[in-house]
file start-v3.tsv (TSV, C-alpha atoms)
chain	number	residue	atom	x	y	z
A	349	MET	CA	-72.80	7.47	5.61
A	350	SER	CA	-73.83	10.91	4.81
A	351	LYS	CA	-74.72	11.89	1.34
A	352	PHE	CA	-72.51	14.86	1.55
A	353	ARG	CA	-69.25	13.08	1.55
A	354	LYS	CA	-66.41	15.39	1.99
A	355	LYS	CA	-64.72	16.03	-1.32
A	356	LYS	CA	-61.19	14.86	-1.71
A	357	LYS	CA	-58.89	17.77	-1.43
A	358	GLY	CA	-56.30	18.19	-4.18
A	359	VAL	CA	-55.18	20.42	-6.95
A	360	PRO	CA	-57.80	20.35	-9.68
A	361	ALA	CA	-56.44	19.05	-12.97
A	362	VAL	CA	-55.69	21.73	-15.53
A	363	ASN	CA	-58.01	21.46	-18.42
A	364	THR	CA	-55.90	20.61	-21.44
A	365	ALA	CA	-58.72	20.27	-23.90
A	366	ALA	CA	-57.70	23.45	-25.70
A	367	LEU	CA	-54.08	22.41	-26.03
A	368	PRO	CA	-54.56	20.60	-29.35
A	369	ASP	CA	-56.27	23.70	-30.69
A	370	ILE	CA	-53.33	25.88	-29.79
A	371	VAL	CA	-50.87	23.45	-31.27
A	372	PHE	CA	-52.92	23.10	-34.43
A	373	MET	CA	-52.99	26.82	-34.80
A	374	LEU	CA	-49.20	26.93	-34.65
A	375	LEU	CA	-49.06	24.00	-37.01
A	376	PHE	CA	-51.20	25.77	-39.59
A	377	PHE	CA	-49.12	28.88	-39.24
A	378	PHE	CA	-45.96	27.00	-40.11
A	379	MET	CA	-47.67	25.02	-42.86
A	380	VAL	CA	-48.81	28.21	-44.50
A	381	THR	CA	-45.52	30.07	-44.16
A	382	THR	CA	-43.36	27.20	-45.34
A	383	THR	CA	-42.49	28.00	-48.92
A	384	MET	CA	-41.49	25.14	-51.06
A	385	ARG	CA	-38.90	25.95	-53.69
A	386	GLU	CA	-40.90	27.19	-56.62
A	387	THR	CA	-38.49	26.26	-59.37
A	388	ASP	CA	-37.02	22.83	-59.44
A	389	LEU	CA	-33.39	22.75	-60.30
A	390	LYS	CA	-32.41	21.39	-63.66
A	391	ILE	CA	-28.80	21.73	-62.73
A	392	GLU	CA	-27.05	20.14	-59.82
A	393	ASN	CA	-27.26	22.24	-56.72
A	394	PRO	CA	-24.45	24.77	-57.19
A	395	ARG	CA	-21.61	24.59	-54.72
A	396	LEU	CA	-21.50	28.24	-53.83
A	397	PRO	CA	-18.15	29.91	-53.32
A	398	SER	CA	-17.57	31.42	-49.92
A	399	ALA	CA	-16.88	35.04	-49.16
A	400	THR	CA	-16.68	37.35	-46.19
A	401	GLU	CA	-18.13	40.56	-47.57
A	402	VAL	CA	-21.60	39.22	-48.22
A	403	LYS	CA	-24.80	41.15	-47.93
A	404	LYS	CA	-28.21	39.72	-47.34
A	405	LEU	CA	-30.69	40.01	-50.14
A	406	GLU	CA	-33.82	41.69	-48.99
A	407	HIS	CA	-37.22	41.84	-50.65
A	408	LYS	CA	-37.44	38.41	-52.16
A	409	SER	CA	-40.07	39.45	-54.67
A	410	LEU	CA	-37.57	41.79	-56.30
A	411	VAL	CA	-34.89	39.16	-56.75
A	412	SER	CA	-34.63	37.07	-59.86
A	413	THR	CA	-32.27	34.18	-59.73
A	414	ILE	CA	-30.09	32.79	-62.47
A	415	TYR	CA	-28.49	29.44	-61.81
A	416	VAL	CA	-25.25	28.34	-63.41
A	417	GLY	CA	-23.82	24.90	-63.02
A	418	LYS	CA	-23.72	21.36	-64.29
A	419	ALA	CA	-26.91	20.05	-65.87
A	420	LYS	CA	-28.50	17.05	-64.24
A	421	ASP	CA	-29.51	15.72	-67.63
A	422	SER	CA	-26.40	14.27	-69.24
A	423	LYS	CA	-27.46	15.29	-72.72
A	424	TYR	CA	-26.25	18.80	-71.89
A	425	GLY	CA	-22.74	17.53	-71.28
A	426	SER	CA	-20.78	17.63	-68.07
A	427	SER	CA	-19.46	21.18	-68.07
A	428	PHE	CA	-20.37	23.52	-65.24
A	429	ASN	CA	-21.54	26.23	-67.60
A	430	ARG	CA	-25.19	25.49	-68.15
A	431	ILE	CA	-27.55	28.36	-67.37
A	432	GLN	CA	-30.96	27.81	-65.88
A	433	LEU	CA	-33.67	30.46	-66.15
A	434	ASN	CA	-36.99	29.73	-64.50
A	435	ASP	CA	-37.12	25.99	-64.86
A	436	LYS	CA	-35.45	25.52	-68.19
A	437	ILE	CA	-31.89	25.17	-69.33
A	438	ALA	CA	-31.23	28.24	-71.43
A	439	THR	CA	-28.48	30.25	-73.06
A	440	ALA	CA	-27.20	33.70	-72.24
A	441	ASP	CA	-29.22	35.10	-75.15
A	442	GLN	CA	-32.42	34.37	-73.28
A	443	VAL	CA	-31.40	36.40	-70.24
A	444	PRO	CA	-32.90	39.72	-71.43
A	445	ALA	CA	-36.29	38.10	-72.02
A	446	PHE	CA	-36.11	36.55	-68.57
A	447	ILE	CA	-35.40	39.92	-66.95
A	448	ILE	CA	-38.11	41.72	-68.89
A	449	ASN	CA	-40.55	39.04	-67.87
A	450	ALA	CA	-39.53	39.43	-64.23
A	451	ARG	CA	-39.96	43.18	-64.51
A	452	SER	CA	-43.49	42.90	-65.76
A	453	LYS	CA	-44.44	41.27	-62.48
A	454	VAL	CA	-43.53	44.18	-60.25
A	455	SER	CA	-44.73	47.75	-60.20
A	456	GLU	CA	-42.77	50.27	-62.19
A	457	ALA	CA	-41.57	52.15	-59.14
A	458	GLU	CA	-39.82	49.07	-57.85
A	459	VAL	CA	-37.95	48.23	-61.04
A	460	PRO	CA	-34.77	50.13	-60.08
A	461	PHE	CA	-34.53	48.06	-56.90
A	462	MET	CA	-34.63	44.76	-58.67
A	463	THR	CA	-31.63	42.58	-58.11
A	464	THR	CA	-30.39	39.65	-60.11
A	465	SER	CA	-28.84	36.95	-58.03
A	466	ILE	CA	-26.36	34.74	-59.82
A	467	LYS	CA	-26.03	31.36	-58.20
A	468	ALA	CA	-23.09	29.81	-59.88
A	469	ASP	CA	-21.00	26.82	-59.07
A	470	LYS	CA	-17.39	27.30	-57.94
A	471	GLU	CA	-16.15	25.55	-61.04
A	472	SER	CA	-18.18	27.53	-63.55
A	473	SER	CA	-16.03	29.64	-65.78
A	474	VAL	CA	-15.87	33.40	-65.69
A	475	GLY	CA	-16.70	33.53	-69.40
A	476	THR	CA	-20.22	32.29	-68.78
A	477	ILE	CA	-20.73	34.79	-65.99
A	478	THR	CA	-19.42	37.58	-68.22
A	479	ASP	CA	-21.85	36.63	-70.97
A	480	ILE	CA	-24.70	36.89	-68.50
A	481	ARG	CA	-23.37	40.16	-67.17
A	482	LEU	CA	-23.19	41.73	-70.62
A	483	LYS	CA	-26.76	40.68	-71.34
A	484	LEU	CA	-27.89	42.12	-68.02
A	485	ARG	CA	-26.21	45.37	-68.85
A	486	ASP	CA	-28.01	45.47	-72.20
A	487	VAL	CA	-31.36	45.51	-70.44
A	488	ASN	CA	-30.15	47.83	-67.71
A	489	ALA	CA	-30.42	45.32	-64.90
A	490	LEU	CA	-27.43	46.72	-63.09
A	491	LYS	CA	-27.81	45.43	-59.56
A	492	ILE	CA	-26.41	41.98	-59.26
A	493	SER	CA	-25.43	39.77	-56.41
A	494	TYR	CA	-23.01	36.90	-56.71
A	495	SER	CA	-24.49	34.36	-54.39
A	496	ALA	CA	-21.99	33.13	-51.84
A	497	SER	CA	-22.02	31.54	-48.46
A	498	LYS	CA	-20.70	33.58	-45.62
A	499	THR	CA	-17.53	32.59	-43.87
A	500	SER	CA	-16.06	34.43	-40.97
A	501	SER	CA	-13.04	36.49	-41.87
A	502	ASN	CA	-9.69	34.73	-42.01
B	631	MET	CA	-83.42	-0.77	-21.66
B	632	ALA	CA	-80.00	0.61	-21.19
B	633	ARG	CA	-79.03	3.04	-23.85
B	634	ARG	CA	-75.82	2.12	-25.56
B	635	ASP	CA	-73.66	5.20	-25.67
B	636	THR	CA	-70.90	5.30	-28.19
B	637	PRO	CA	-67.78	5.24	-26.09
B	638	GLU	CA	-65.94	8.50	-26.07
B	639	ILE	CA	-62.80	8.62	-28.12
B	640	ASN	CA	-59.81	9.40	-26.07
B	641	ALA	CA	-58.43	12.66	-27.40
B	642	GLY	CA	-55.57	12.81	-24.98
B	643	SER	CA	-52.95	11.96	-27.56
B	644	MET	CA	-54.27	14.46	-30.07
B	645	ALA	CA	-51.88	17.04	-28.71
B	646	ASP	CA	-48.99	14.66	-29.18
B	647	ILE	CA	-49.87	14.08	-32.81
B	648	ALA	CA	-50.20	17.78	-33.43
B	649	PHE	CA	-46.88	18.44	-31.71
B	650	LEU	CA	-45.22	15.85	-33.87
B	651	LEU	CA	-46.49	17.53	-37.02
B	652	LEU	CA	-45.59	20.92	-35.66
B	653	ILE	CA	-42.04	19.89	-34.96
B	654	PHE	CA	-41.75	18.35	-38.42
B	655	PHE	CA	-42.74	21.65	-40.04
B	656	LEU	CA	-40.54	23.63	-37.69
B	657	VAL	CA	-37.57	21.57	-38.73
B	658	THR	CA	-38.26	21.54	-42.46
B	659	THR	CA	-39.06	25.22	-42.72
B	660	THR	CA	-35.96	26.82	-44.12
B	661	MET	CA	-35.90	30.52	-43.79
B	662	ASN	CA	-33.14	30.59	-46.32
B	663	VAL	CA	-31.96	34.12	-46.65
B	664	ASP	CA	-30.02	34.54	-49.82
B	665	SER	CA	-26.77	36.30	-49.37
B	666	GLY	CA	-24.11	37.27	-51.81
B	667	VAL	CA	-21.46	39.70	-52.90
B	668	SER	CA	-23.39	42.61	-54.34
B	669	LYS	CA	-22.10	44.54	-57.27
B	670	LYS	CA	-23.35	47.38	-59.36
B	671	LEU	CA	-22.68	47.12	-63.06
B	672	SER	CA	-21.73	50.18	-64.99
B	673	GLU	CA	-24.22	51.44	-67.49
B	674	LYS	CA	-23.83	50.59	-71.11
B	675	PRO	CA	-21.68	53.30	-72.65
B	676	PRO	CA	-23.10	55.17	-75.64
B	677	PRO	CA	-21.56	54.10	-78.97
B	678	ASP	CA	-19.54	57.28	-79.36
B	679	TYR	CA	-18.11	57.08	-75.85
B	680	VAL	CA	-14.44	57.84	-75.56
B	681	PRO	CA	-12.97	56.40	-72.39
B	682	PRO	CA	-11.06	58.97	-70.36
B	683	VAL	CA	-7.34	58.75	-70.27
B	684	ILE	CA	-6.23	57.43	-66.90
B	685	LYS	CA	-2.70	57.58	-65.65
B	686	GLU	CA	-1.00	54.23	-65.40
B	687	LYS	CA	-0.15	54.78	-61.75
B	688	ASN	CA	-3.81	55.16	-60.81
B	689	ILE	CA	-4.68	51.72	-62.09
B	690	PHE	CA	-4.13	48.60	-60.02
B	691	GLU	CA	-4.13	45.77	-62.43
B	692	VAL	CA	-5.15	42.31	-61.33
B	693	ASN	CA	-4.97	39.49	-63.85
B	694	ILE	CA	-6.26	36.01	-63.24
B	695	ASN	CA	-5.21	33.41	-65.75
B	696	ARG	CA	-6.96	30.20	-66.69
B	697	ASN	CA	-4.97	28.24	-64.13
B	698	ASN	CA	-6.38	30.51	-61.45
B	699	GLU	CA	-3.06	32.21	-60.83
B	700	LEU	CA	-2.80	35.86	-60.02
B	701	LEU	CA	-0.70	38.52	-61.66
B	702	VAL	CA	-0.85	41.80	-59.81
B	703	GLU	CA	0.86	44.86	-61.28
B	704	GLY	CA	3.06	42.58	-63.34
B	705	GLU	CA	4.09	40.30	-60.51
B	706	ARG	CA	2.84	36.93	-59.39
B	707	MET	CA	0.99	37.00	-56.14
B	708	GLU	CA	-0.91	34.70	-53.81
B	709	VAL	CA	-4.52	35.51	-53.02
B	710	LYS	CA	-3.73	35.99	-49.36
B	711	ASP	CA	-1.39	38.89	-50.13
B	712	LEU	CA	-3.85	40.65	-52.41
B	713	LYS	CA	-5.68	42.53	-49.69
B	714	GLU	CA	-2.52	44.11	-48.33
B	715	ALA	CA	-1.33	45.07	-51.79
B	716	ALA	CA	-4.70	46.64	-52.61
B	717	ILE	CA	-4.74	48.60	-49.36
B	718	LYS	CA	-1.26	49.87	-50.04
B	719	PHE	CA	-2.34	51.01	-53.50
B	720	ILE	CA	-5.62	52.67	-52.51
B	721	ASP	CA	-4.26	54.33	-49.42
B	722	ASN	CA	-1.12	55.66	-51.08
B	723	GLY	CA	-2.32	59.23	-51.53
B	724	GLY	CA	0.60	60.44	-53.60
B	725	GLY	CA	-1.09	63.42	-55.21
B	726	ASP	CA	-4.26	65.45	-55.61
B	727	GLY	CA	-7.74	63.99	-55.75
B	728	LYS	CA	-10.06	64.42	-58.67
B	729	VAL	CA	-11.99	67.60	-59.32
B	730	GLU	CA	-15.65	67.04	-58.57
B	731	ASN	CA	-18.26	69.58	-59.71
B	732	GLY	CA	-15.52	72.16	-59.98
B	733	VAL	CA	-14.30	71.53	-56.45
B	734	ALA	CA	-10.85	70.05	-56.14
B	735	THR	CA	-10.63	67.46	-53.40
B	736	GLY	CA	-6.96	68.19	-52.94
B	737	PRO	CA	-4.44	65.79	-51.47
B	738	CYS	CA	-5.65	62.91	-49.34
B	739	ASP	CA	-5.29	64.01	-45.73
B	740	TYR	CA	-6.64	60.81	-44.18
B	741	CYS	CA	-4.43	58.39	-46.05
B	742	ASN	CA	-1.80	56.43	-44.19
B	743	GLY	CA	0.08	55.30	-47.26
B	744	GLU	CA	3.60	55.87	-48.41
B	745	ARG	CA	2.71	58.85	-50.61
B	746	SER	CA	4.85	57.41	-53.32
B	747	ASP	CA	4.55	59.08	-56.71
B	748	LYS	CA	4.60	55.70	-58.41
B	749	SER	CA	1.28	54.63	-56.95
B	750	SER	CA	-2.23	56.08	-56.80
B	751	ASP	CA	-2.86	59.81	-56.29
B	752	HIS	CA	-5.97	59.64	-54.18
B	753	PRO	CA	-8.49	56.96	-53.15
B	754	ASN	CA	-11.11	58.58	-55.38
B	755	LYS	CA	-8.82	58.24	-58.38
B	756	ALA	CA	-7.56	54.75	-57.60
B	757	ILE	CA	-9.08	52.24	-59.98
B	758	ILE	CA	-8.78	48.53	-59.53
B	759	SER	CA	-9.08	46.67	-62.77
B	760	VAL	CA	-9.72	42.95	-62.70
B	761	GLN	CA	-9.09	41.03	-65.83
B	762	SER	CA	-9.73	37.34	-65.99
B	763	ASP	CA	-9.63	34.68	-68.60
B	764	ARG	CA	-12.84	33.15	-69.89
B	765	LEU	CA	-11.73	29.85	-68.44
B	766	THR	CA	-10.90	31.16	-65.00
B	767	GLU	CA	-12.89	29.40	-62.32
B	768	TYR	CA	-15.72	31.44	-60.92
B	769	GLY	CA	-14.70	30.51	-57.37
B	770	THR	CA	-11.30	32.13	-57.81
B	771	TYR	CA	-12.80	35.18	-59.46
B	772	LEU	CA	-15.16	35.71	-56.56
B	773	THR	CA	-12.40	35.19	-54.01
B	774	VAL	CA	-10.42	37.94	-55.70
B	775	GLN	CA	-13.43	40.27	-55.72
B	776	ASN	CA	-13.98	39.47	-52.09
B	777	GLU	CA	-10.38	40.25	-51.14
B	778	LEU	CA	-10.63	43.61	-52.89
B	779	LEU	CA	-13.86	44.39	-51.09
B	780	ARG	CA	-12.19	43.43	-47.84
B	781	ALA	CA	-9.45	45.93	-48.56
B	782	TYR	CA	-12.03	48.69	-48.96
B	783	ALA	CA	-13.92	47.50	-45.89
B	784	GLU	CA	-10.77	47.68	-43.81
B	785	LEU	CA	-9.92	51.19	-44.97
B	786	ARG	CA	-13.44	52.43	-44.42
B	787	ASN	CA	-13.51	50.86	-41.02
B	788	ARG	CA	-10.27	52.55	-40.06
B	789	LEU	CA	-11.50	55.94	-41.18
B	790	SER	CA	-14.81	55.46	-39.44
B	791	LEU	CA	-13.10	54.60	-36.17
B	792	GLU	CA	-10.85	57.61	-36.56
B	793	ARG	CA	-13.59	60.09	-37.31
B	794	TYR	CA	-16.62	58.78	-35.50
B	795	LYS	CA	-15.20	56.24	-33.02
B	796	ILE	CA	-17.44	53.51	-34.35
B	797	PRO	CA	-16.74	50.60	-36.74
B	798	PHE	CA	-18.14	51.20	-40.20
B	799	ALA	CA	-20.28	48.06	-40.14
B	800	GLU	CA	-22.04	49.32	-37.02
B	801	LEU	CA	-22.45	52.76	-38.51
B	802	GLU	CA	-24.10	51.28	-41.59
B	803	GLU	CA	-26.27	49.04	-39.45
B	804	ALA	CA	-27.43	52.01	-37.41
B	805	TYR	CA	-28.25	53.89	-40.57
B	806	LYS	CA	-30.22	50.95	-41.92
B	807	ASP	CA	-32.38	50.91	-38.81
B	808	ASP	CA	-32.94	54.64	-38.95
B	809	ARG	CA	-33.13	55.74	-42.57
B	810	ASP	CA	-34.35	59.24	-41.81
B	811	ASN	CA	-31.44	60.18	-39.62
B	812	ALA	CA	-29.66	62.87	-41.61
B	813	ALA	CA	-26.60	62.93	-39.36
B	814	LEU	CA	-26.03	59.21	-39.77
B	815	LYS	CA	-26.59	59.45	-43.49
B	816	LYS	CA	-24.00	62.16	-43.75
B	817	LYS	CA	-21.47	60.08	-41.85
B	818	VAL	CA	-22.05	57.02	-44.04
B	819	GLU	CA	-21.83	59.07	-47.22
B	820	ASP	CA	-18.70	60.75	-45.95
B	821	ILE	CA	-16.92	57.44	-45.39
B	822	LYS	CA	-18.17	56.03	-48.66
B	823	THR	CA	-16.99	58.98	-50.73
B	824	SER	CA	-13.66	59.04	-48.92
B	825	TYR	CA	-12.98	55.49	-50.02
B	826	PRO	CA	-15.22	54.85	-53.04
B	827	GLN	CA	-15.19	51.32	-54.38
B	828	ILE	CA	-13.92	51.55	-57.91
B	829	ILE	CA	-13.50	48.03	-59.18
B	830	SER	CA	-13.80	47.60	-62.89
B	831	ASP	CA	-14.18	44.33	-64.69
B	832	ALA	CA	-12.26	44.26	-67.90
B	833	GLU	CA	-13.46	42.14	-70.76
B	834	PRO	CA	-12.05	38.66	-70.21
B	835	THR	CA	-9.43	37.33	-72.53
B	836	SER	CA	-10.29	34.29	-74.55
B	837	ASN	CA	-8.50	31.55	-76.49
call {"tool": "encode", "arguments": {"input": "start-v3.tsv", "output": "structure tokens"}}
result
Amino acid sequence: MSKFRKKKKGVPAVNTAALPDIVFMLLFFFMVTTTMRETDLKIENPRLPSATEVKKLEHKSLVSTIYVGKAKDSKYGSSFNRIQLNDKIATADQVPAFIINARSKVSEAEVPFMTTSIKADKESSVGTITDIRLKLRDVNALKISYSASKTSSN
Amino acid sequence: MARRDTPEINAGSMADIAFLLLIFFLVTTTMNVDSGVSKKLSEKPPPDYVPPVIKEKNIFEVNINRNNELLVEGERMEVKDLKEAAIKFIDNGGGDGKVENGVATGPCDYCNGERSDKSSDHPNKAIISVQSDRLTEYGTYLTVQNELLRAYAELRNRLSLERYKIPFAELEEAYKDDRDNAALKKKVEDIKTSYPQIISDAEPTSN
């Protein structure tokens, strides 16, 4: 037997040692970009009405969201007209303070582009929405978006 | 003496574990894009503001009562008929348009309406007024708003196809991608001023 045995011919195995590294990199990317909801809902998740003429809200940092719906805590009663600002149940009177607080977080040049998104339940009453709208007008927050899910036309 | 090596840990399944985690995060990541019906509120009027006198025929009155029923121009109507009625009103073009910066816009030459003298004069004079009750359901209110917006969208789309041979949605999309394009901007502005969205929310009735 010779010492120089002929090597077995065959396709050399692909080195997969770096595969976990690649996958981990992707994993970290997704872990970092995943944003958990920053406010926890004190009201039941609003059942959004559906509409066809919806527009996407761009620039998330310029959007402040007001939730309207039924409070999870039964001490607030079972009507669909509870307002949540940040993570507290509030009244319409507190809306201006909420907006001014949101404004202080962005630069002055961006203030006119700020949008208020109203996420209200289908069964909320228009009166509550009007109260909020009047308060928004008082502080000159004129761009609003009634949150709705998109349905195709007809 | 034989050296005892620590046996190598098999890292072959490491990739599997990482993939599993990766797929978990892929699935749970919600890129939730908020969408909604956008609206611009009117500014707060000064205390000594006197509202202008508007002719009855230029106002399209939509009432929603607390039972979520619709009253349009004094008649009961189903939501599905609202769009058609609104189009008919906006597109009537029965008279002269408003005078803007001293320039009269004259009669509406792109309107396809009946040109009845009982309905609106010109799209830029046609005001849609929505009045709802405090106890109206928000879902109904938004459906009504949506139908009215659809009416405007349809008219704008028609005009855009007529003038520029392109649906209005595509025209707007093209403008969004190319903000500096003056020609596109002019087209978009042209369509928008031809059919301006004038929807006013009246104070809701209570009790």
call {"tool": "closest_atom_pairs", "arguments": {"input": "start-v3.tsv", "of": "chain A", "to": "chain B", "cutoff": "6 Å", "atoms": "all atoms listed in the file", "output": "JSON lines"}}
result
{"residue": "A:Pro368", "atom": "CA", "partner": "B:Ala645", "partner_atom": "CA", "distance": 4.5}
{"residue": "A:Leu375", "atom": "CA", "partner": "B:Leu652", "partner_atom": "CA", "distance": 4.8}
{"residue": "A:Thr382", "atom": "CA", "partner": "B:Thr659", "partner_atom": "CA", "distance": 5.4}
{"residue": "A:Pro397", "atom": "CA", "partner": "B:Gly769", "partner_atom": "CA", "distance": 5.4}
{"residue": "A:Val402", "atom": "CA", "partner": "B:Val667", "partner_atom": "CA", "distance": 4.7}
{"residue": "A:Lys403", "atom": "CA", "partner": "B:Ser665", "partner_atom": "CA", "distance": 5.4}
{"residue": "A:Lys404", "atom": "CA", "partner": "B:Ser665", "partner_atom": "CA", "distance": 4.2}
{"residue": "A:Leu405", "atom": "CA", "partner": "B:Ser665", "partner_atom": "CA", "distance": 5.5}
{"residue": "A:Lys470", "atom": "CA", "partner": "B:Gly769", "partner_atom": "CA", "distance": 4.2}
{"residue": "A:Glu471", "atom": "CA", "partner": "B:Glu767", "partner_atom": "CA", "distance": 5.2}
{"residue": "A:Ser472", "atom": "CA", "partner": "B:Tyr768", "partner_atom": "CA", "distance": 5.3}
{"residue": "A:Ser473", "atom": "CA", "partner": "B:Glu767", "partner_atom": "CA", "distance": 4.7}
{"residue": "A:Val474", "atom": "CA", "partner": "B:Tyr768", "partner_atom": "CA", "distance": 5.2}
{"residue": "A:Gly475", "atom": "CA", "partner": "B:Arg764", "partner_atom": "CA", "distance": 3.9}
{"residue": "A:Leu490", "atom": "CA", "partner": "B:Leu671", "partner_atom": "CA", "distance": 4.8}
{"residue": "A:Lys491", "atom": "CA", "partner": "B:Lys670", "partner_atom": "CA", "distance": 4.9}
{"residue": "A:Ile492", "atom": "CA", "partner": "B:Lys669", "partner_atom": "CA", "distance": 5.4}
{"residue": "A:Ser493", "atom": "CA", "partner": "B:Ser668", "partner_atom": "CA", "distance": 4.1}
{"residue": "A:Tyr494", "atom": "CA", "partner": "B:Val667", "partner_atom": "CA", "distance": 5.0}
{"residue": "A:Ser495", "atom": "CA", "partner": "B:Gly666", "partner_atom": "CA", "distance": 3.9}
{"residue": "A:Ala496", "atom": "CA", "partner": "B:Gly666", "partner_atom": "CA", "distance": 4.7}
call {"tool": "atom_distance", "arguments": {"input": "start-v3.tsv", "atom1": "CA of Tyr782 in chain B", "atom2": "CA of Lys713 in chain B"}}
result
8.9 Å
call {"tool": "atom_distance", "arguments": {"input": "start-v3.tsv", "atom1": "CA of Ala457 in chain A", "atom2": "CA of Asp435 in chain A"}}
result
27.1 Å
call {"tool": "atom_distance", "arguments": {"input": "start-v3.tsv", "atom1": "CA of Gly736 in chain B", "atom2": "CA of Ala716 in chain B"}}
result
21.7 Å
call {"tool": "residues_near_point", "arguments": {"input": "start-v3.tsv", "point": "(-19.0, 60.6, -43.5)", "cutoff": "12 Å", "atoms": "all atoms listed in the file", "output": "PyMOL selection string"}}
result
chain B and resi 786-787+789-796+798+801-802+805+812-826
call {"tool": "write_last_selection", "arguments": {"input": "start-v3.tsv", "atoms": "C-alpha atoms", "output": "short mmCIF file (atom, residue, chain, number, x, y, z; two decimals), in the coordinates of the input"}}
result
data_model
loop_
_atom_site.label_atom_id
_atom_site.label_comp_id
_atom_site.auth_asym_id
_atom_site.auth_seq_id
_atom_site.Cartn_x
_atom_site.Cartn_y
_atom_site.Cartn_z
CA ARG B 786 -13.44 52.43 -44.42
CA ASN B 787 -13.51 50.86 -41.02
CA LEU B 789 -11.50 55.94 -41.18
CA SER B 790 -14.81 55.46 -39.44
CA LEU B 791 -13.10 54.60 -36.17
CA GLU B 792 -10.85 57.61 -36.56
CA ARG B 793 -13.59 60.09 -37.31
CA TYR B 794 -16.62 58.78 -35.50
CA LYS B 795 -15.20 56.24 -33.02
CA ILE B 796 -17.44 53.51 -34.35
CA PHE B 798 -18.14 51.20 -40.20
CA LEU B 801 -22.45 52.76 -38.51
CA GLU B 802 -24.10 51.28 -41.59
CA TYR B 805 -28.25 53.89 -40.57
CA ALA B 812 -29.66 62.87 -41.61
CA ALA B 813 -26.60 62.93 -39.36
CA LEU B 814 -26.03 59.21 -39.77
CA LYS B 815 -26.59 59.45 -43.49
CA LYS B 816 -24.00 62.16 -43.75
CA LYS B 817 -21.47 60.08 -41.85
CA VAL B 818 -22.05 57.02 -44.04
CA GLU B 819 -21.83 59.07 -47.22
CA ASP B 820 -18.70 60.75 -45.95
CA ILE B 821 -16.92 57.44 -45.39
CA LYS B 822 -18.17 56.03 -48.66
CA THR B 823 -16.99 58.98 -50.73
CA SER B 824 -13.66 59.04 -48.92
CA TYR B 825 -12.98 55.49 -50.02
CA PRO B 826 -15.22 54.85 -53.04
#
call {"tool": "residues_around", "arguments": {"input": "start-v3.tsv", "residues": "range 437-451 of chain A", "least_positions_apart": "5", "cutoff": "7 Å", "atoms": "only C-alpha atoms", "output": "compact mmCIF listing (two decimals) with C-alpha atoms, in the coordinates of the input"}}
result
# COMPACT_ATOMS: atom_id res chain seq x y z
CA LYS A 390 -32.41 21.39 -63.66
CA SER A 412 -34.63 37.07 -59.86
CA ARG A 430 -25.19 25.49 -68.15
CA ILE A 431 -27.55 28.36 -67.37
CA GLN A 432 -30.96 27.81 -65.88
CA VAL A 459 -37.95 48.23 -61.04
CA ASP A 479 -21.85 36.63 -70.97
CA ILE A 480 -24.70 36.89 -68.50
CA LYS A 483 -26.76 40.68 -71.34
CA LEU A 484 -27.89 42.12 -68.02
CA VAL A 487 -31.36 45.51 -70.44
call {"tool": "closest_residue", "arguments": {"input": "start-v3.tsv", "among": "A:Glu456, A:Asp486, A:Asp421, A:Glu401", "to": "Thr499 in chain A", "atoms": "all atoms listed in the file"}}
result
A:Glu401
call {"tool": "closest_residue", "arguments": {"input": "start-v3.tsv", "among": "B:Lys748, B:Arg809, B:Lys718, B:Lys728", "to": "Glu686 in chain B", "atoms": "all atoms listed in the file"}}
result
B:Lys748
call {"tool": "closest_residue", "arguments": {"input": "start-v3.tsv", "among": "A:Tyr415, A:Phe378, A:Phe352, A:Phe461", "to": "Leu433 in chain A", "atoms": "only C-alpha atoms"}}
result
A:Tyr415
call {"tool": "residues_around", "arguments": {"input": "start-v3.tsv", "residues": "Lys755 in chain B", "least_positions_apart": "4", "cutoff": "10 Å", "atoms": "all atoms listed in the file", "output": "ChimeraX atom specification"}}
result
/B:684-685,687-689,720,723,725-729,750-751,825-826,828
call {"tool": "build_atoms", "arguments": {"input": "start-v3.tsv", "residues": "range 358-363 of chain A", "atoms": "N, CA, C and O atoms", "output": "PDB file, keeping the file's coordinate frame"}}
result
ATOM      1  N   GLY A 358     -57.408  18.396  -3.240  1.00  0.00           N
ATOM      2  CA  GLY A 358     -56.300  18.190  -4.180  1.00  0.00           C
ATOM      3  C   GLY A 358     -56.309  19.287  -5.208  1.00  0.00           C
ATOM      4  O   GLY A 358     -57.294  20.012  -5.339  1.00  0.00           O
ATOM      5  N   VAL A 359     -55.237  19.400  -5.909  1.00  0.00           N
ATOM      6  CA  VAL A 359     -55.180  20.420  -6.950  1.00  0.00           C
ATOM      7  C   VAL A 359     -56.064  19.954  -8.096  1.00  0.00           C
ATOM      8  O   VAL A 359     -55.909  18.817  -8.552  1.00  0.00           O
ATOM      9  N   PRO A 360     -56.978  20.783  -8.555  1.00  0.00           N
ATOM     10  CA  PRO A 360     -57.800  20.350  -9.680  1.00  0.00           C
ATOM     11  C   PRO A 360     -56.944  20.235 -10.938  1.00  0.00           C
ATOM     12  O   PRO A 360     -56.021  21.025 -11.141  1.00  0.00           O
ATOM     13  N   ALA A 361     -57.225  19.234 -11.752  1.00  0.00           N
ATOM     14  CA  ALA A 361     -56.440  19.050 -12.970  1.00  0.00           C
ATOM     15  C   ALA A 361     -56.646  20.217 -13.916  1.00  0.00           C
ATOM     16  O   ALA A 361     -57.759  20.720 -14.045  1.00  0.00           O
ATOM     17  N   VAL A 362     -55.570  20.646 -14.556  1.00  0.00           N
ATOM     18  CA  VAL A 362     -55.690  21.730 -15.530  1.00  0.00           C
ATOM     19  C   VAL A 362     -56.372  21.176 -16.770  1.00  0.00           C
ATOM     20  O   VAL A 362     -56.041  20.089 -17.232  1.00  0.00           O
ATOM     21  N   ASN A 363     -57.301  21.921 -17.241  1.00  0.00           N
ATOM     22  CA  ASN A 363     -58.010  21.460 -18.420  1.00  0.00           C
ATOM     23  C   ASN A 363     -57.131  21.639 -19.659  1.00  0.00           C
ATOM     24  O   ASN A 363     -56.749  22.752 -20.023  1.00  0.00           O
TER      25      ASN A 363
END
